[in-house]
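Notes follow the structure.
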Amino acid sequence: MHMRFDVVVVGAGPAGAAAAYAAASGGLKVLLVERGRGAGSKQVYGGKVYSHYLEEALGDLKGAPIERWVGKERLSIVDDAGRTATLEYEGGSTRAFTAHLTKLAAWLVDRAASAGAVFVDEVRVDSLRRDPSGRFSGVEAGGELVEADVIIDAEGVNRLLLERAGLVERASTRDLALGVKEVVRIGEKEVEERFGLDKGEGLSWILVGGVTGGLPGGAFVYTNKDTVSLGLVLYVDAAARAIEEPVHSMIEKLRTHPALHRYWADGDVVEYAAKLTPESGYRYMPRRLVADGLMVAGDAAGMLLNLGYTFRGVDYAVYSGYMAGRAAIAARDRGGPTEENLRELYEEPLRRSRPFRDLWRLRGVERAMEGGDRYFRRYPALMGAALRSMFELGESTPSIYEALRGAAEESGISIIGALVDALMMARSI
Amino acid sequence: MGLTIAVGIKWVPNQQAVRFDERTGTLIREGVTSIVNPHDLDAVELALRIRDRYGGKVVALSMSPPSAVKGLEHVIGMGVDEGVLISDRAFAGADTLATSYVISSALRRLGGFDLALFGQETIDSSTAHIPAQVAGWLGLPYLYYATEVELDGSGRKVIVKRMLEDRAEWYELDMPAVLGVAMKSQLPRPVKLSNKLRLREENPIRTWSNAELKLDQRCVGLRGSPTIVAKSTWTPEVPRRRQILEGTPEEAARKLVEALFREGVLR
Ligand SMILES: Cc1cc2nc3c(=O)[nH]c(=O)nc-3n(C[C@H](O)[C@H](O)[C@H](O)COP(=O)(O)OP(=O)(O)OC[C@H]3O[C@@H](n4cnc5c(N)ncnc54)[C@H](O)[C@@H]3O)c2cc1C
């Protein structure tokens, strides 16, 4: 059987599905190959997705498996003693929704299939093939070859194909973070009552400090329709150092945390998942995003922003995948998917795009988030101690300055040092 | 012309993915994906080998809810030629008698077959009834623990090898015949891209409901099932104590052995 397509897309995550959708919508013959059973079956479940780039790429979100539109944002700093300071934001307009990533990916693949793309699951691509001139000319799976004018690699963070093709180095643990996550079912009414949400309204909650045992990383809580997704993102180096405490016991700690447990008390844990993610998209980016006959999109291209308090992976994946799909169409009308054409039609516009410029601009914040102990243990401790002396009054009433100074002494941090850190942080932001 | 080989597959919860909720002490079935009963894949593999050697086609049948289409797609990805989903609300809640009745009716409807292969048993109920009962309904010869199949010279008989604990036996059966294939006797082949593409292009899966099979409602589903689960007991749950034994490995090992003697585990 001779197998030939205009475009072969590897990986049916958000990036691959969007690429297949875009290319098929422009009349190209597209094959979308996924190693898991069904779209997105290898992906981590629920999360929060910003809608802007999805709407831009797809026109609308009709029928999308949206759990709740986020109307309430919380940011908490927790110290090792469990003292928690929380900032809550609401009353703005909603720009993000919560969703199960598997369902979202399946929906995107349905859109691609309706546009004419052929979707094949349970097939792992083993290698990207080049013809004698060095042009990428197809993919090999289980000893079978499929030829293509252009390949869109959307294999995600674990980019073995690109490694094997010599296009990227093997990832170092310093560039990766580990996400672990649980979904707890508590019921629709309970979600709304316990988190103080209106009907259909969603909460996105980021926590740093004591929730990760002082390791660099953060915790998140997102409300779905009748479940809550909670999880941790830990920098892999740190997670490996924390070997005395396996991550699944850390997530257990998060679930049973005294300040948090009541939100999902009596709930059933219905999912558990763990997956890698680039720690800093910018640093993870391959030197080139195109080659003769090849484009790279999504996590594999480092299109992911992780600021600790904001995580943009799915929407950036859809954005870059969509651009790659459009570029495949434009390249055909321009003499084919040569490296030069793809650079002009995909890589350069992507590098000029808002998401890419944000990744570049914010790369310093990502680095600062790795500041380790200071940000994840000592400042939370400082905050906890200061707020304690402000709010837990006995004999005397300290001023804010006295509270801070006392807390600084107690937690062994110099106020000057803290101010310098704050300034550095502010500058990098 | 070649052989027509039918193979039955069941869509079962993936028990390896079923987790245990330590807090409530119950199994978490939610979010657990289903798979093709692993022992049925031995039957699929054997069917494919027979076809590859003698020609013909393999038709997979599954009496299951509609989600089992994914299972039929999987075996078509392996190389099965056609799939039949036997699905109807009326068939739900069936015991093995009612199930084998529906499956044998579907086999009849295929319009002639030479071999019908089944897995040895299923991982979710382990009865091993179905192939025997199907053979019973159809009045056909039946052999279980089959591991190898060859056609004899006449082309109307098969020679089937079966493995028992202490010996191998060879039987000669007239076709059509029904076989239960020994679990773990084959190495099921992986899914192939070209097979999946053929699936997308040709869509070789049919669905038969009772509108096609036209079976008496009293003989199928819950109503057609005389089996009653009279009683079930669980093995008692022994809570874990999570004791940590201090000291060097030798000391800790000694303490462990002592503790096991104290508890009567070792004597
Ligand atoms: C714990 C955690 C929480 C997250 N939360 C959020 C969040 O709340 N919001 C957000 O926007 N982002 C979040 N992300 C990030 C987001 O999941 C990713 O950025 C996004 O999924 C990237 O999409 P992708 O299509 O590039 O890659 P993926 O989603 O990883 O998809 C790649 C696909 O390719 C397939 N594949 C790989 N190799 C092959 C091969 N050789 N052959 C065939 N198929 C192959 C894989 O099976 C997979 O389905 C989170 C990530 C983690 C780990």
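Residues in the structure tokens are numbered from 1 in each chain, the chains being A, B, ... in the order shown, and ligands are numbered from 1 in the order shown.
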
Output as a ChimeraX atom specification all residues of region 88-249 of chain B that backbone DSSP marks as helix (DSSP H, G or I).
-> /B:89-91,96-109,130-138,193-202,210-213,217-219,249

Using only C-alpha atoms, which chain A residues lie at most 9 Å away from chain B, written as a ChimeraX atom specification?
-> /A:1-3,33,37-38,118-124,141-146,268-271

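Within 10 Å of Ser137 (chain A), once only C-alpha atoms are used and residues closer than 2 positions along the same chain are dropped, the contacting residues are Val8, Leu128, Arg129, Arg130, Asp131, Pro132, Ser133, Gly134, Arg135, Val139, Leu145, Val146, Glu147, Ala148, Asp149, Val150, Ile151, Asp292, Gly293 and Leu294 of chain A.
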
What would the file look like if the residues just selected were written as a compact mmCIF listing (two decimals), in the first residue's frame with all heavy atoms?
```txt
# COMPACT_ATOMS: atom_id res chain seq x y z
N VAL A 8 1.82 15.36 6.84
CA VAL A 8 1.67 14.41 7.94
C VAL A 8 1.94 15.17 9.23
O VAL A 8 2.97 15.84 9.36
CB VAL A 8 2.62 13.20 7.83
CG1 VAL A 8 2.58 12.37 9.11
CG2 VAL A 8 2.24 12.33 6.64
N LEU A 128 11.49 10.33 11.59
CA LEU A 128 11.23 11.24 10.48
C LEU A 128 12.22 10.84 9.38
O LEU A 128 13.40 10.67 9.65
CB LEU A 128 11.48 12.68 10.92
CG LEU A 128 10.76 13.14 12.19
CD1 LEU A 128 11.17 14.56 12.56
CD2 LEU A 128 9.25 13.07 11.99
N ARG A 129 11.72 10.69 8.16
CA ARG A 129 12.57 10.24 7.07
C ARG A 129 13.06 11.41 6.23
O ARG A 129 12.31 12.36 6.01
CB ARG A 129 11.78 9.29 6.16
CG ARG A 129 11.69 7.89 6.69
CD ARG A 129 13.06 7.24 6.69
NE ARG A 129 12.92 5.80 6.90
CZ ARG A 129 12.67 4.93 5.91
NH1 ARG A 129 12.55 5.35 4.67
NH2 ARG A 129 12.53 3.65 6.17
N ARG A 130 14.29 11.31 5.76
CA ARG A 130 14.80 12.31 4.81
C ARG A 130 15.11 11.63 3.49
O ARG A 130 15.48 10.47 3.46
CB ARG A 130 16.11 12.89 5.32
CG ARG A 130 15.98 13.67 6.60
CD ARG A 130 17.30 14.37 6.82
NE ARG A 130 17.50 14.68 8.22
CZ ARG A 130 17.94 15.87 8.63
NH1 ARG A 130 18.21 16.82 7.76
NH2 ARG A 130 18.13 16.09 9.90
N ASP A 131 14.96 12.37 2.39
CA ASP A 131 15.39 11.82 1.11
C ASP A 131 16.88 12.13 0.92
O ASP A 131 17.48 12.82 1.75
CB ASP A 131 14.49 12.32 -0.04
CG ASP A 131 14.68 13.80 -0.32
OD1 ASP A 131 15.66 14.39 0.19
OD2 ASP A 131 13.85 14.37 -1.04
N PRO A 132 17.49 11.59 -0.14
CA PRO A 132 18.94 11.75 -0.29
C PRO A 132 19.41 13.22 -0.27
O PRO A 132 20.53 13.51 0.14
CB PRO A 132 19.23 11.10 -1.64
CG PRO A 132 18.12 10.12 -1.84
CD PRO A 132 16.92 10.73 -1.18
N SER A 133 18.53 14.13 -0.65
CA SER A 133 18.95 15.54 -0.66
C SER A 133 18.90 16.15 0.75
O SER A 133 19.26 17.29 0.94
CB SER A 133 18.05 16.34 -1.59
OG SER A 133 16.77 16.49 -0.99
N GLY A 134 18.42 15.36 1.73
CA GLY A 134 18.35 15.88 3.10
C GLY A 134 16.99 16.48 3.44
O GLY A 134 16.74 16.88 4.57
N ARG A 135 16.11 16.50 2.47
CA ARG A 135 14.77 17.04 2.70
C ARG A 135 13.93 16.04 3.50
O ARG A 135 13.98 14.84 3.22
CB ARG A 135 14.11 17.29 1.35
CG ARG A 135 12.78 18.00 1.38
CD ARG A 135 12.19 18.08 -0.03
NE ARG A 135 11.64 16.78 -0.43
CZ ARG A 135 10.40 16.39 -0.17
NH1 ARG A 135 9.56 17.20 0.45
NH2 ARG A 135 9.96 15.20 -0.54
N VAL A 139 7.36 9.93 7.19
CA VAL A 139 7.57 9.38 8.52
C VAL A 139 7.49 7.87 8.43
O VAL A 139 6.86 7.30 7.54
CB VAL A 139 6.52 9.89 9.54
CG1 VAL A 139 6.53 11.40 9.63
CG2 VAL A 139 5.13 9.37 9.22
N LEU A 145 6.26 3.18 5.65
CA LEU A 145 6.63 4.55 5.33
C LEU A 145 5.43 5.31 4.78
O LEU A 145 4.70 4.79 3.94
CB LEU A 145 7.75 4.51 4.27
CG LEU A 145 8.24 5.86 3.79
CD1 LEU A 145 8.98 6.59 4.90
CD2 LEU A 145 9.13 5.70 2.57
N VAL A 146 5.21 6.51 5.27
CA VAL A 146 4.21 7.40 4.68
C VAL A 146 4.96 8.60 4.14
O VAL A 146 5.72 9.23 4.85
CB VAL A 146 3.21 7.95 5.72
CG1 VAL A 146 2.04 8.60 5.02
CG2 VAL A 146 2.75 6.87 6.65
N GLU A 147 4.74 8.88 2.87
CA GLU A 147 5.42 10.03 2.29
C GLU A 147 4.59 11.29 2.48
O GLU A 147 3.37 11.24 2.57
CB GLU A 147 5.63 9.79 0.79
CG GLU A 147 6.71 8.76 0.52
CD GLU A 147 6.81 8.46 -0.95
OE1 GLU A 147 6.49 9.35 -1.77
OE2 GLU A 147 7.21 7.34 -1.28
N ALA A 148 5.29 12.42 2.56
CA ALA A 148 4.59 13.69 2.73
C ALA A 148 5.41 14.81 2.14
O ALA A 148 6.64 14.75 2.12
CB ALA A 148 4.36 13.96 4.22
N ASP A 149 4.72 15.83 1.63
CA ASP A 149 5.43 17.03 1.17
C ASP A 149 6.01 17.76 2.37
O ASP A 149 7.09 18.30 2.31
CB ASP A 149 4.48 17.98 0.43
CG ASP A 149 4.13 17.43 -0.94
OD1 ASP A 149 4.88 16.58 -1.43
OD2 ASP A 149 3.09 17.86 -1.50
N VAL A 150 5.22 17.78 3.44
CA VAL A 150 5.69 18.48 4.63
C VAL A 150 5.22 17.75 5.88
O VAL A 150 4.12 17.19 5.91
CB VAL A 150 5.25 19.98 4.61
CG1 VAL A 150 3.75 20.11 4.59
CG2 VAL A 150 5.83 20.75 5.78
N ILE A 151 6.08 17.74 6.88
CA ILE A 151 5.77 17.11 8.16
C ILE A 151 5.62 18.21 9.20
O ILE A 151 6.44 19.14 9.24
CB ILE A 151 6.91 16.18 8.61
CG1 ILE A 151 7.17 15.11 7.55
CG2 ILE A 151 6.59 15.52 9.95
CD1 ILE A 151 8.50 14.41 7.74
N ASP A 292 13.94 21.82 5.72
CA ASP A 292 13.35 21.50 4.43
C ASP A 292 12.28 20.42 4.64
O ASP A 292 12.58 19.31 5.05
CB ASP A 292 14.46 20.94 3.52
CG ASP A 292 14.32 21.48 2.11
OD1 ASP A 292 13.32 22.16 1.83
OD2 ASP A 292 15.23 21.20 1.30
N GLY A 293 11.00 20.79 4.44
CA GLY A 293 9.92 19.80 4.57
C GLY A 293 9.45 19.55 5.99
O GLY A 293 8.73 18.59 6.24
N LEU A 294 9.85 20.40 6.95
CA LEU A 294 9.49 20.14 8.35
C LEU A 294 9.21 21.43 9.12
O LEU A 294 9.92 22.41 8.98
CB LEU A 294 10.64 19.39 9.05
CG LEU A 294 10.46 19.12 10.55
CD1 LEU A 294 9.52 17.95 10.77
CD2 LEU A 294 11.80 18.84 11.21
```

Polymer residues at most 7 Å from Ser185 (chain B), only C-alpha atoms, same-chain spacing of 3 or more positions, as a list in words | Asp42, Thr147 and Ala182 of chain B

Export N, CA and C atoms of the chosen residues as a JSON list (two decimals), in the first residue's frame?
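out.json, freshly written:
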```
[["chain", "number", "residue", "atom", "x", "y", "z"],
["B", 42, "ASP", "N", -5.10, -13.16, 21.84],
["B", 42, "ASP", "CA", -4.48, -14.42, 21.43],
["B", 42, "ASP", "C", -5.30, -15.06, 20.32],
["B", 147, "THR", "N", -3.70, -24.00, 20.67],
["B", 147, "THR", "CA", -2.52, -23.15, 20.49],
["B", 147, "THR", "C", -2.08, -23.06, 19.03],
["B", 182, "ALA", "N", -5.79, -20.86, 23.93],
["B", 182, "ALA", "CA", -5.10, -20.80, 25.23],
["B", 182, "ALA", "C", -4.55, -19.40, 25.47]]
```

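Pairwise distance (CA of Ala408 (chain A), CA of Tyr235 (chain A)) equals 27.1 Å.
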
Which neighbours of region 175-180 of chain B fall inside 8 Å, counting only C-alpha atoms, when residues of the same chain fewer than 4 positions from it are skipped, and could you give them as an MDAnalysis selection string?
-> chainID B and resid 43 113:120 131:132 134:135 140:146 156:158

Nearby residues (only C-alpha atoms) at most 12 Å from Ala297 (chain A), same-chain spacing under 2 positions excluded, as number ranges by chain | A: 9-20, 151-157, 159, 162, 281, 285-286, 288-290, 294-295, 299-304, 313-325, 327, 346-347, 350

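The coordinates place CA of Gly40 (chain A) at 7.3 Å from atom 28 (P, counted along the ligand's line) of ligand 1.
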